[in-house]
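Following: one structure in structure tokens, then a few remarks.
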Amino acid sequence: MVVASQQPEPKTVMFPVDKVIVSEDRQRKELGDLQSLADAISVRGLINPIVIHEDGRLVAGERRLRATMLLKQSVIRATIFERLTSVEAELVELQENIQRKNLTWQEEVLATARYHQIKVEDLRVPWTPLGTANDLGLSEKHIQRVLRIAEALRAGDEEVMGCTTITGARNLLQSRAERARAAAAVRGIAIAGGASVPMPAIIRAGASKEENTQAAMQAMLAPVVDEATDTALDLEDTSDLEAQLQAHMEEERAEPNILNTDFLEWADTYTGPKFDVLHIDFPYGKGYTGSRTRKTGRATFAPRYDDSPEIYWQLLAGFLDLQDNLAFSVAHCLFWFDMAYYQQTIDLFQEAGWNLAAPFPLLWTKGYEGVASDPRRRPRHCYETALLFSRGDRKLVNLDKDHIECGAGRGNDKLHLNQKPYKMLRHFLNMIVDKNTAVLDPTCGSAMALRVAQELGSPRVFGIELDESSAEMARYTMVRPLDEILKEDTENFLNTLKHHEDCNCPRCREGKGQ
């Protein structure tokens with residue numbers, strides 16, 4: 001334990017419990033399970049004494065003090081330090097809490113930052129993170145990261161506060177900084193310290209299918225970099241850069257943000273600002289002709305578009321041919337598709353320079369929903385799939401599961417025949433969309449994906465829709481109260497469950513095994 005060299009030798013005494021003074025600005029806020037600690041003390045006694053100032057102010061050991069109070073003991077064994085300065089008291093408390101792991105990672109970060117600040121203000125000579133690192137027996141790089149994370153915690157950054165570990169908070173801030181730098185670089189915004197250098201792509205252009213799959217698997221299963229040897233992941237404050245980026249993206253915005261036209265015709269002549277994320281939900285090529293009408297209570301329409309395999313491949317090939325008009329050199333694409341076209345779709349994307357983020361598709365399972373094309377020979381198909389591609393090395397915004405179960409709702413409950421639910425879209429888009437993201441949906445349907453992106457903070461969303469009625473519905477979705485959308489999402493799922501419980505149609509009887 002590091003304390004002032006002139007500090008007298010501490011003494012240990014039995015001190016009155018009711019004379020111990022506990023300040024309100026203690027490092028530790030969550031005391032945990034005091035009853036278990038009290039039970040242990042009642043059996044073994046207090047092994048480690050609390051630490052107090054000579055006037056009774058508590059320095060370290062609040063959990064032991066509170067547990068002793070639960071046992072209604074009048075005295076407690078305490079080590080008294082005389083003339084402890086505020087810096088020395090902060091260090092004693094911090095070292096003891098870290099050694100006993102009594103702090104949450106958030107509390108440890110804030111306590112370390114507070115100790116560093118006290119040293120800065122208390123000493124007349126300049127104090128650096130290296131000094132704090134030496135005092136606490138930690139690396140200078142770790143202290144630098146802790147101070148950056150503490151800034152985010154003090155600013156009330158909910159994403160950082162919600163991380164489960166300090167490593168998660170570090171990775172979140174680092175990825176955020178890298179995305180901001182990449183988004184600024186592709187827009188030509190000057191970056192202090194020079195332009196960022198893209199990381200090598202996971203998938204090599206021209207590699208075989210086997211090599212591509214193996215490389216993606218290795219990237220997914222690679223061990224976490226040891227923090228002690230990691231020299232690349234320095235955290236940086238990108239607040240000034242992000243302010244410039246936000247102003248730039250505000251200038252990129254277009255009105256209206258839903259255009260009723262043919263996507264390929266529009267993309268062929270488009271020369272406007274490009275996009276960081278593309279959410280693409282082309283017709284799956286399953287032969288649907290759009291002949292069924294859906295009544296929603298707000299509109300009655302039959303979206304008209306060709307759903308043949310030829311149209312699927314034409315749209316995909318057209319997009320990849322025109323991608324440089326639409327996507328920045330560092331970008332993500334969330335692409336919905338049918339598993340019948342899995343390998344062919346991946347091959348086309350990779351030939352066009354996109355990297356497959358993972359060899360496994362994202363899965364949206366629909367609960368009771370699904371198609372039974374041959375009830376006597378095939379299981380009901382109850383899920384849809386998407387692939388996540390990247391250009392360059394754009395980092396994820398948030399880490400989450402590659403699967404979600406969420407009811408789609410019955411046709412009559414939806415504003416658009418093929419509308420995907422808000423909850424599901426938010427789950428997947430939350431991994432790639434933030435306030436520094438411009439989003440394009442070239443066949444946007446009801447525009448639910450764009451509305452989700454907007455709610456996730458995207459300052460610029462843009463959609464193309466061929467069907468005139470769907471385009472009108474998309475514009476309504478973009479201004480519709482969010483509570484209505486969320487309520488409808490929930491009601492659709494409940495209605496689906498109730499329908500399958502109560503209905504006696506052949507489909508539902510078959511689904512219930514009758």
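Here, A, B, ... name the chains of the structure tokens in the order displayed, residue numbers run from 1 inside each chain, and ligands are numbered from 1 in the same displayed order.
Neighbours of A:Asn260 closer than or equal to 6 Å, with only C-alpha atoms counted and sequence neighbours fewer than 6 positions away skipped, come out as Glu465, Leu466 and Ala471 of chain A.
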- Pick out the residues sitting within 9 Å of A:Leu46, and hand them over as a ChimeraX atom specification; count only C-alpha atoms, and ignore anything fewer than 5 positions along from it in its own chain. /A:40-41,64,68,76-77
Emit the selected residues as a compact mmCIF listing (two decimals), in the first residue's frame, including C-alpha atoms.
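For reference, selection-v2.txt as written:
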```txt
# COMPACT_ATOMS: atom_id res chain seq x y z
CA ALA A 40 -19.44 -15.31 7.83
CA ILE A 41 -18.33 -12.72 10.41
CA ARG A 64 -17.68 -5.05 6.86
CA THR A 68 -21.29 -5.73 11.75
CA ILE A 76 -15.46 -3.27 15.41
CA ARG A 77 -11.77 -3.88 14.86
```
- For A:Cys444, work out the shell of residues within 7 Å, counting only C-alpha atoms and skipping chain neighbours fewer than 2 positions away, then give it as an MDAnalysis selection string. chainID A and resid 441:442 446:447 463:465
Export, as an mmCIF file, in the first residue's frame, the selected residues with N, CA, C and O atoms.
```
data_model
loop_
_atom_site.group_PDB
_atom_site.id
_atom_site.type_symbol
_atom_site.label_atom_id
_atom_site.label_comp_id
_atom_site.auth_asym_id
_atom_site.auth_seq_id
_atom_site.Cartn_x
_atom_site.Cartn_y
_atom_site.Cartn_z
ATOM 1 N N ASP A 441 -32.463 2.357 -48.264
ATOM 2 C CA ASP A 441 -33.249 1.141 -48.499
ATOM 3 C C ASP A 441 -33.812 1.261 -49.907
ATOM 4 O O ASP A 441 -34.743 2.036 -50.151
ATOM 5 N N PRO A 442 -33.268 0.507 -50.889
ATOM 6 C CA PRO A 442 -33.645 0.713 -52.288
ATOM 7 C C PRO A 442 -34.992 0.126 -52.682
ATOM 8 O O PRO A 442 -35.499 0.456 -53.755
ATOM 9 N N SER A 446 -42.828 -0.597 -46.684
ATOM 10 C CA SER A 446 -43.479 0.295 -45.720
ATOM 11 C C SER A 446 -42.495 1.244 -45.048
ATOM 12 O O SER A 446 -42.896 2.081 -44.246
ATOM 13 N N ALA A 447 -41.185 1.095 -45.323
ATOM 14 C CA ALA A 447 -40.118 1.939 -44.753
ATOM 15 C C ALA A 447 -39.899 1.686 -43.268
ATOM 16 O O ALA A 447 -39.352 2.535 -42.576
ATOM 17 N N GLY A 463 -35.246 6.229 -48.934
ATOM 18 C CA GLY A 463 -35.854 5.017 -49.446
ATOM 19 C C GLY A 463 -36.395 5.178 -50.849
ATOM 20 O O GLY A 463 -36.861 6.258 -51.230
ATOM 21 N N ILE A 464 -36.340 4.088 -51.624
ATOM 22 C CA ILE A 464 -36.912 4.015 -52.967
ATOM 23 C C ILE A 464 -38.003 2.949 -52.940
ATOM 24 O O ILE A 464 -37.795 1.866 -52.392
ATOM 25 N N GLU A 465 -39.159 3.263 -53.532
ATOM 26 C CA GLU A 465 -40.249 2.280 -53.582
ATOM 27 C C GLU A 465 -40.956 2.397 -54.925
ATOM 28 O O GLU A 465 -41.403 3.479 -55.310
#
```
- Query: Separation of atom CA of A:Asp276 and atom CA of A:His427, in Å?
  - Reply: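 Atom CA of A:His427 lies at a distance of 18.1 Å from atom CA of A:Asp276.
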- Query: Hey, what's within 6 Å of stretch 448-459 of chain A if we count only C-alpha atoms and toss same-chain stuff fewer than 3 positions away? As a list in words, please?
  - Reply: Arg426, Asp434, Lys435, Thr437 and Met478 of chain A
Store the residues of this selection in a file with N, CA and C atoms, as a CSV table (one decimal), in the first residue's frame.
```csv
chain,number,residue,atom,x,y,z
A,426,ARG,N,-35.0,-3.5,-35.4
A,426,ARG,CA,-34.2,-2.8,-34.5
A,426,ARG,C,-33.1,-3.7,-33.9
A,434,ASP,N,-25.8,4.0,-36.2
A,434,ASP,CA,-25.8,5.0,-35.1
A,434,ASP,C,-25.9,6.4,-35.7
A,435,LYS,N,-25.5,7.4,-34.9
A,435,LYS,CA,-25.8,8.8,-35.3
A,435,LYS,C,-24.8,9.2,-36.4
A,437,THR,N,-24.4,7.4,-39.2
A,437,THR,CA,-24.7,6.5,-40.3
A,437,THR,C,-25.8,7.1,-41.2
A,478,MET,N,-42.8,7.1,-41.7
A,478,MET,CA,-41.7,7.9,-41.3
A,478,MET,C,-42.2,9.0,-40.3
```
- What lies within 8 Å of A:Pro129 using only C-alpha atoms, ignoring chain neighbours under 5 positions off, as a list in words?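 Once the adjacent positions are removed, what remains is His116, Glu140, Ile143 and Gln144 of chain A.
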- Message: Using only C-alpha atoms for the distances, tell me which of A:Thr477, A:Arg253, A:Asn436, A:Lys401 is nearest to A:Ala180.
- Response: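 Checking each candidate against A:Ala180, we get A:Asn436 as the closest.
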- Item | Surrounding residues of stretch 149-152 of chain A excluding itself and chain neighbours under 6 positions, 8 Å, only C-alpha atoms, as a PyMOL selection string | chain A and resi 109-110+113+160+169-170+173
- Query: Near stretch 246-252 of chain A, within 9 Å and counting only C-alpha atoms, which residues show up once chain neighbours fewer than 3 positions away are dropped, as a list in words?
  - Reply: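 What passes the distance filter is Ala184, Arg187, Ile189, Leu241, Glu242, Ala243, Gly272, Pro273, Lys274, Lys435, Asn436, Thr437, Ala438, Pro459 and Arg460 of chain A.
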- Could you please write out, as JSON, numbers by chain, every residue of stretch 240-367 of chain A that DSSP assigns to strand (DSSP E)? {"A": [258, 259, 260, 275, 276, 277, 278, 279, 280, 294, 295, 300, 301, 327, 328, 329, 330, 331, 332, 333, 334, 335, 336, 337, 355, 356, 362, 363, 364, 365]}
- Query: Could you write out, as a ChimeraX atom specification, all the residues of stretch 323-371 of chain A that DSSP marks as alpha helix (DSSP H)?
  - Reply: /A:323-326,342-351
